[in-house]
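Okay, upload.csv now, which holds CSV, C-alpha atoms:
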```csv
chain,number,residue,atom,x,y,z
A,1,MET,CA,102.8,114.3,112.0
A,2,VAL,CA,104.5,116.7,109.6
A,3,PRO,CA,104.7,115.1,106.1
A,4,PRO,CA,108.2,114.8,104.5
A,5,ARG,CA,109.3,117.5,102.0
A,6,ILE,CA,108.6,116.1,98.6
A,7,GLU,CA,110.5,117.6,95.7
A,8,ARG,CA,110.0,114.9,93.1
A,9,VAL,CA,107.2,112.5,92.1
A,10,LEU,CA,107.8,109.3,90.2
A,11,PHE,CA,104.7,107.8,88.6
A,12,ASP,CA,103.9,104.3,87.4
A,13,PHE,CA,102.3,104.4,84.0
A,14,ASP,CA,99.7,101.7,83.3
A,15,GLY,CA,97.0,101.8,85.9
A,16,VAL,CA,98.1,105.3,87.2
A,17,LEU,CA,98.6,107.7,84.3
A,18,ALA,CA,96.7,105.7,81.7
A,19,HIS,CA,94.3,102.7,81.5
A,20,TYR,CA,95.6,99.8,79.5
A,21,HIS,CA,93.4,97.2,77.6
A,22,HIS,CA,95.2,94.1,76.3
A,23,GLU,CA,92.2,93.2,74.2
A,24,ARG,CA,92.1,96.5,72.3
A,25,ARG,CA,95.8,96.2,71.5
A,26,ILE,CA,95.4,92.6,70.4
A,27,ALA,CA,92.5,93.6,68.2
A,28,HIS,CA,94.6,96.4,66.6
A,29,LEU,CA,97.4,94.0,65.8
A,30,ALA,CA,95.0,91.4,64.5
A,31,ALA,CA,93.4,93.8,62.1
A,32,TYR,CA,96.9,95.0,60.9
A,33,ALA,CA,98.1,91.5,60.3
A,34,GLY,CA,94.9,90.0,59.1
A,35,ALA,CA,95.4,87.4,61.8
A,36,GLU,CA,93.2,85.6,64.2
A,37,HIS,CA,92.8,87.3,67.6
A,38,GLU,CA,94.2,84.2,69.4
A,39,ARG,CA,97.2,84.0,67.2
A,40,VAL,CA,98.2,87.6,68.2
A,41,ARG,CA,97.6,86.8,71.9
A,42,GLU,CA,99.9,83.7,71.6
A,43,ALA,CA,102.7,85.6,69.8
A,44,LEU,CA,102.6,88.5,72.2
A,45,PHE,CA,101.7,87.2,75.6
A,46,THR,CA,101.3,83.4,75.9
A,47,SER,CA,104.7,82.8,74.3
A,48,GLY,CA,106.4,85.0,77.0
A,49,LEU,CA,107.7,87.4,74.4
A,50,GLU,CA,106.3,90.5,76.0
A,51,THR,CA,107.7,89.6,79.4
A,52,GLU,CA,111.2,89.0,77.9
A,53,TYR,CA,111.1,92.4,76.3
A,54,ASP,CA,109.8,94.2,79.3
A,55,GLY,CA,112.6,92.7,81.4
A,56,GLY,CA,115.3,93.9,78.9
A,57,ARG,CA,116.3,90.3,78.0
A,58,ILE,CA,115.9,90.8,74.3
A,59,SER,CA,116.5,93.8,72.0
A,60,THR,CA,113.8,95.8,70.3
A,61,GLU,CA,115.0,94.4,66.9
A,62,LEU,CA,114.7,90.8,68.0
A,63,TYR,CA,111.4,91.5,69.8
A,64,LEU,CA,109.8,93.0,66.7
A,65,SER,CA,111.2,90.3,64.5
A,66,ARG,CA,109.8,87.5,66.6
A,67,LEU,CA,106.4,89.3,67.0
A,68,GLY,CA,106.3,89.7,63.2
A,69,GLU,CA,107.0,86.0,62.7
A,70,GLY,CA,104.3,85.2,65.2
A,71,ILE,CA,101.6,87.2,63.6
A,72,ALA,CA,102.8,86.5,60.0
A,73,ARG,CA,103.4,90.1,59.1
A,74,ALA,CA,106.4,92.3,59.6
A,75,ILE,CA,106.0,95.0,62.2
A,76,ASP,CA,108.0,98.1,62.6
A,77,GLU,CA,108.4,100.5,65.6
A,78,GLU,CA,105.7,102.9,64.5
A,79,THR,CA,103.2,100.1,63.9
A,80,TRP,CA,104.0,98.7,67.4
A,81,ILE,CA,103.6,102.1,69.0
A,82,ALA,CA,100.2,102.6,67.2
A,83,SER,CA,99.0,99.3,68.6
A,84,ARG,CA,100.1,100.2,72.1
A,85,MET,CA,98.3,103.5,71.8
A,86,ALA,CA,95.2,101.8,70.6
A,87,GLY,CA,95.2,99.8,73.9
A,88,SER,CA,95.9,102.8,76.1
A,89,HIS,CA,94.1,105.9,77.1
A,90,ALA,CA,95.2,108.6,79.5
A,91,ASP,CA,93.2,109.2,82.6
A,92,ALA,CA,92.3,112.9,82.0
A,93,ALA,CA,91.4,113.5,85.6
A,94,VAL,CA,94.8,112.3,86.7
A,95,LEU,CA,96.6,114.4,84.1
A,96,ASP,CA,94.6,117.5,85.2
A,97,GLN,CA,95.8,117.0,88.8
A,98,ILE,CA,99.4,116.6,87.6
A,99,LEU,CA,99.1,119.8,85.5
A,100,GLY,CA,98.1,121.6,88.7
A,101,LEU,CA,101.2,120.7,90.7
A,102,ASP,CA,103.8,123.2,91.5
A,103,ALA,CA,106.0,123.9,88.4
A,104,GLY,CA,109.1,123.4,90.5
A,105,LEU,CA,108.2,119.8,91.4
A,106,GLU,CA,110.2,117.4,89.2
A,107,LEU,CA,108.2,114.5,87.7
A,108,GLY,CA,109.2,111.2,86.1
A,109,VAL,CA,107.8,107.8,85.1
A,110,LEU,CA,109.0,104.3,86.1
A,111,THR,CA,107.2,101.6,84.3
A,112,ASN,CA,107.4,97.8,83.7
A,113,ASN,CA,107.5,98.0,80.0
A,114,GLY,CA,109.9,97.5,77.1
A,115,LEU,CA,112.1,100.2,75.5
A,116,LEU,CA,109.6,101.3,72.9
A,117,MET,CA,107.2,102.5,75.6
A,118,ALA,CA,109.6,105.5,76.2
A,119,ARG,CA,108.4,106.7,72.7
A,120,ALA,CA,104.8,105.8,73.2
A,121,ILE,CA,104.2,107.3,76.7
A,122,PRO,CA,104.8,110.9,75.6
A,123,ARG,CA,102.1,110.5,73.0
A,124,ILE,CA,99.6,108.8,75.2
A,125,VAL,CA,100.0,111.4,78.0
A,126,ALA,CA,100.8,114.4,75.7
A,127,PRO,CA,99.5,117.1,78.1
A,128,ILE,CA,102.0,116.3,80.7
A,129,HIS,CA,104.9,115.4,78.4
A,130,PRO,CA,106.8,118.7,79.1
A,131,ARG,CA,106.8,117.8,82.8
A,132,ILE,CA,108.2,114.3,82.3
A,133,LYS,CA,110.4,114.8,79.2
A,134,GLY,CA,113.7,113.0,79.6
A,135,ARG,CA,112.6,111.3,82.7
A,136,VAL,CA,110.6,108.3,81.4
A,137,LEU,CA,112.3,105.1,82.6
A,138,CYS,CA,111.3,101.6,81.3
A,139,SER,CA,112.2,98.3,82.9
A,140,GLY,CA,113.4,97.1,79.5
A,141,ALA,CA,116.1,99.8,79.6
A,142,LEU,CA,117.0,99.1,83.2
A,143,GLU,CA,117.0,95.3,82.7
A,144,LEU,CA,115.0,94.9,85.9
A,145,ARG,CA,111.3,94.9,86.8
A,146,LYS,CA,109.5,96.3,89.8
A,147,PRO,CA,109.3,95.3,92.6
A,148,GLU,CA,112.9,94.3,92.4
A,149,PRO,CA,114.6,96.7,94.9
A,150,ARG,CA,117.5,97.4,92.5
A,151,ILE,CA,115.3,99.0,89.9
A,152,TYR,CA,114.3,101.8,92.3
A,153,ARG,CA,117.9,102.5,93.2
A,154,LEU,CA,119.0,102.5,89.6
A,155,ALA,CA,116.1,104.7,88.6
A,156,LEU,CA,117.1,107.2,91.3
A,157,GLU,CA,120.7,107.1,90.1
A,158,ARG,CA,119.7,107.7,86.5
A,159,LEU,CA,117.5,110.6,87.5
A,160,GLY,CA,119.9,112.1,90.0
A,161,TRP,CA,117.2,112.0,92.7
A,162,ASP,CA,117.4,111.1,96.3
A,163,ALA,CA,114.9,108.8,97.9
A,164,SER,CA,114.2,110.9,101.0
A,165,HIS,CA,112.5,113.7,99.0
A,166,THR,CA,110.9,111.5,96.3
A,167,LEU,CA,107.3,110.2,96.3
A,168,PHE,CA,106.5,107.1,94.2
A,169,VAL,CA,103.0,106.1,93.2
A,170,ASP,CA,101.9,102.8,91.7
A,171,ASP,CA,98.7,100.8,91.4
A,172,VAL,CA,100.3,97.6,92.5
A,173,PHE,CA,101.0,97.3,96.2
A,174,ALA,CA,103.9,95.0,95.8
A,175,ASN,CA,105.7,97.7,93.8
A,176,VAL,CA,104.9,100.2,96.5
A,177,GLN,CA,106.4,97.9,99.1
A,178,GLY,CA,109.5,97.5,96.9
A,179,ALA,CA,109.9,101.2,96.7
A,180,ARG,CA,109.5,101.7,100.4
A,181,GLY,CA,112.1,99.1,101.0
A,182,VAL,CA,114.8,101.3,99.5
A,183,GLY,CA,113.7,104.5,101.3
A,184,LEU,CA,111.2,106.0,98.9
A,185,HIS,CA,108.0,107.5,100.1
A,186,ALA,CA,105.5,105.4,98.2
A,187,GLU,CA,101.7,105.1,98.0
A,188,THR,CA,99.1,103.0,96.2
A,189,VAL,CA,97.1,104.9,93.6
A,190,ASN,CA,94.6,103.6,91.1
A,191,ASP,CA,92.4,106.5,90.1
A,192,ALA,CA,92.1,110.3,90.3
A,193,ALA,CA,90.4,110.2,93.7
A,194,SER,CA,93.2,108.2,95.4
A,195,LEU,CA,95.9,110.3,93.7
A,196,ARG,CA,94.2,113.4,95.1
A,197,GLN,CA,94.3,112.0,98.6
A,198,VAL,CA,98.0,111.2,98.3
A,199,PHE,CA,98.8,114.7,97.0
A,200,ARG,CA,96.9,116.2,99.9
A,201,ARG,CA,98.6,113.9,102.4
A,202,TYR,CA,102.0,115.1,101.2
A,203,ARG,CA,100.8,118.7,100.9
A,204,LEU,CA,101.4,118.8,97.2
A,205,ALA,CA,97.9,120.0,96.4
```
As structure tokens:
Amino acid sequence: MVPPRIERVLFDFDGVLAHYHHERRIAHLAAYAGAEHERVREALFTSGLETEYDGGRISTELYLSRLGEGIARAIDEETWIASRMAGSHADAAVLDQILGLDAGLELGVLTNNGLLMARAIPRIVAPIHPRIKGRVLCSGALELRKPEPRIYRLALERLGWDASHTLFVDDVFANVQGARGVGLHAETVNDAASLRQVFRRYRLA
């Protein structure tokens, strides 16, 4: 079977381009605020604040205000980005494969994260930033989360891409299924080896 002609690749972020560790992020914020580890966890995750922000239900200003109240120390955007970077590290082997892709292939990111991640992602995966610049889409901005089918349609619309020539990769199979449901070519990827297999399957490498 001849694989489809792929002209664009849309990547998930956490679990594909980078590894994310909640505990390291919590520890960074706890050290910043001089707060107990569990207090930070409660303010960020147990309270549901992070989920609200990732879904675009609250503004960045309100999110940071509520987080600051929760950890008993004001937090600005740069401090938040620093904490997210402390909990994230790029998968160098994955980035190397992406750097080896044809220069004419358009690349982008679609991630279930709040608006501030659009500023953090280019720093975390700096080597490929020129390839994704202007094409980093966060669920917080789209006010939808994967695997909701509408988020993929809206992402394609924002990017000006068509589903038939776009490949989407994510480490969560439910998100892959959601993408396939709207006509995207989509595959599950969770490390450099699985990404290499997908690239070969679609004759991108």
Discussion item. Please list as number ranges by chain every residue within 8 Å of range 88-90 of chain A, counting only C-alpha atoms and excluding residues in the same chain fewer than 2 positions away.
Written reply: A: 17-21, 84-86, 92, 95, 124-125
Worksheet item: To one decimal place, how far is CA of Val136 in chain A from CA of Val189 in chain A in Å?
Response: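 Atom-to-atom, CA of Val136 in chain A to CA of Val189 in chain A, that is 18.5 Å.
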Item to complete: For CA of Ala120 in chain A and CA of Thr79 in chain A, determine how far apart the two atoms are, in Å to one decimal place.
Response: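 Value for the CA of Ala120 in chain A-CA of Thr79 in chain A distance: 11.0 Å.
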Item to complete: For each of A:Leu116, A:Leu110, A:Ile75, A:Leu204, take the minimum atom-to-atom distance to Asp12 in chain A, counting all atoms listed in the file, then give the residue where this is smallest.
Response: A:Leu110
Item to complete: Grab the CA of Asp171 in chain A to CA of Leu101 in chain A distance for me, in Å with one decimal place.
Response: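 A separation of 20.1 Å between them.
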Worksheet item: Can you tell me, as a list in words, what residues are no more than 9 Å from range 45-51 of chain A when counting only C-alpha atoms, ignoring any on the same chain fewer than 6 positions away?
Response: Arg57, Ile58, Tyr63, Arg66, Leu67, Asn113 and Gly114 of chain A
Atoms to include: C-alpha atoms. Write the selected residues as a CSV table (one decimal), in the coordinates of the input.
```csv
chain,number,residue,atom,x,y,z
A,57,ARG,CA,116.3,90.3,78.0
A,58,ILE,CA,115.9,90.8,74.3
A,63,TYR,CA,111.4,91.5,69.8
A,66,ARG,CA,109.8,87.5,66.6
A,67,LEU,CA,106.4,89.3,67.0
A,113,ASN,CA,107.5,98.0,80.0
A,114,GLY,CA,109.9,97.5,77.1
```
Practice prompt. Step by step: start from the point (114.5, 96.5, 90.4) in the file's coordinates, keep every protein, DNA or RNA residue that has an atom no farther than 10 Å from it, count all atoms listed in the file, and write the set as a list in words.
Written response: Gly55, Asn112, Ser139, Leu142, Glu143, Leu144, Arg145, Lys146, Pro147, Glu148, Pro149, Arg150, Ile151, Tyr152, Arg153, Leu154, Ala155, Asn175, Gly178 and Ala179 of chain A
Practice prompt. Just the residues within 12 Å of Arg39 in chain A, please, counting only C-alpha atoms, with nothing from its chain fewer than 2 positions along; format it as a list in words.
Written response: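 Contacts, in chain order: Ile26, Ala27, Leu29, Ala30, Ala31, Ala33, Gly34, Ala35, Glu36, His37, Arg41, Glu42, Ala43, Leu44, Phe45, Thr46, Ser47, Leu67, Gly68, Glu69, Gly70, Ile71, Ala72 and Arg73 of chain A.
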Would you mind exporting C-alpha atoms of the selected residues as a short mmCIF file (atom, residue, chain, number, x, y, z; two decimals), in the frame of the given file?
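Listed below is the output, result-v4.cif:
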```cif
data_model
loop_
_atom_site.label_atom_id
_atom_site.label_comp_id
_atom_site.auth_asym_id
_atom_site.auth_seq_id
_atom_site.Cartn_x
_atom_site.Cartn_y
_atom_site.Cartn_z
CA ILE A 26 95.40 92.60 70.40
CA ALA A 27 92.50 93.60 68.20
CA LEU A 29 97.40 94.00 65.80
CA ALA A 30 95.00 91.40 64.50
CA ALA A 31 93.40 93.80 62.10
CA ALA A 33 98.10 91.50 60.30
CA GLY A 34 94.90 90.00 59.10
CA ALA A 35 95.40 87.40 61.80
CA GLU A 36 93.20 85.60 64.20
CA HIS A 37 92.80 87.30 67.60
CA ARG A 41 97.60 86.80 71.90
CA GLU A 42 99.90 83.70 71.60
CA ALA A 43 102.70 85.60 69.80
CA LEU A 44 102.60 88.50 72.20
CA PHE A 45 101.70 87.20 75.60
CA THR A 46 101.30 83.40 75.90
CA SER A 47 104.70 82.80 74.30
CA LEU A 67 106.40 89.30 67.00
CA GLY A 68 106.30 89.70 63.20
CA GLU A 69 107.00 86.00 62.70
CA GLY A 70 104.30 85.20 65.20
CA ILE A 71 101.60 87.20 63.60
CA ALA A 72 102.80 86.50 60.00
CA ARG A 73 103.40 90.10 59.10
#
```
Worksheet item: Counting all atoms listed in the file, which of A:Ala192, A:Val172, A:Gly134, A:Ser65 gets nearest to Tyr53 in chain A?
Response: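 When distances to Tyr53 in chain A are compared using all atoms listed in the file, the smallest one comes from A:Ser65.
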Item to complete: Name all residues at most 12 Å from Arg180 in chain A (count only C-alpha atoms; drop same-chain ones fewer than 3 positions away) and give them as a VMD selection string.
Response: chain A and resid 146 to 149 152 to 153 163 to 164 166 to 170 173 to 177 183 to 188
Fill in: Among listed residues A:Ile81, A:Arg8, A:Leu159, A:Val198, nearest Ala118 in chain A (using all atoms listed in the file)
A:Ile81
Worksheet, complete the sentence: Residue with the minimum atom-to-atom distance to Leu10 in chain A, picked from A:Ala205, A:Gly140, A:Thr111, A:Asn190 with only C-alpha atoms counted, is A:Thr111
Worksheet item: Hey, which of A:Asp96, A:Asp76, A:Glu157, A:Glu38 ends up closest to Leu195 in chain A? Count all atoms listed in the file.
Response: A:Asp96
Discussion item. Counting only C-alpha atoms, which residue out of A:Val40, A:Val94, A:Leu156, A:Ala82 sits closest to Ala193 in chain A?
Written reply: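 Between A:Val40, A:Val94, A:Leu156, A:Ala82, the residue approaching Ala193 in chain A most closely is A:Val94.
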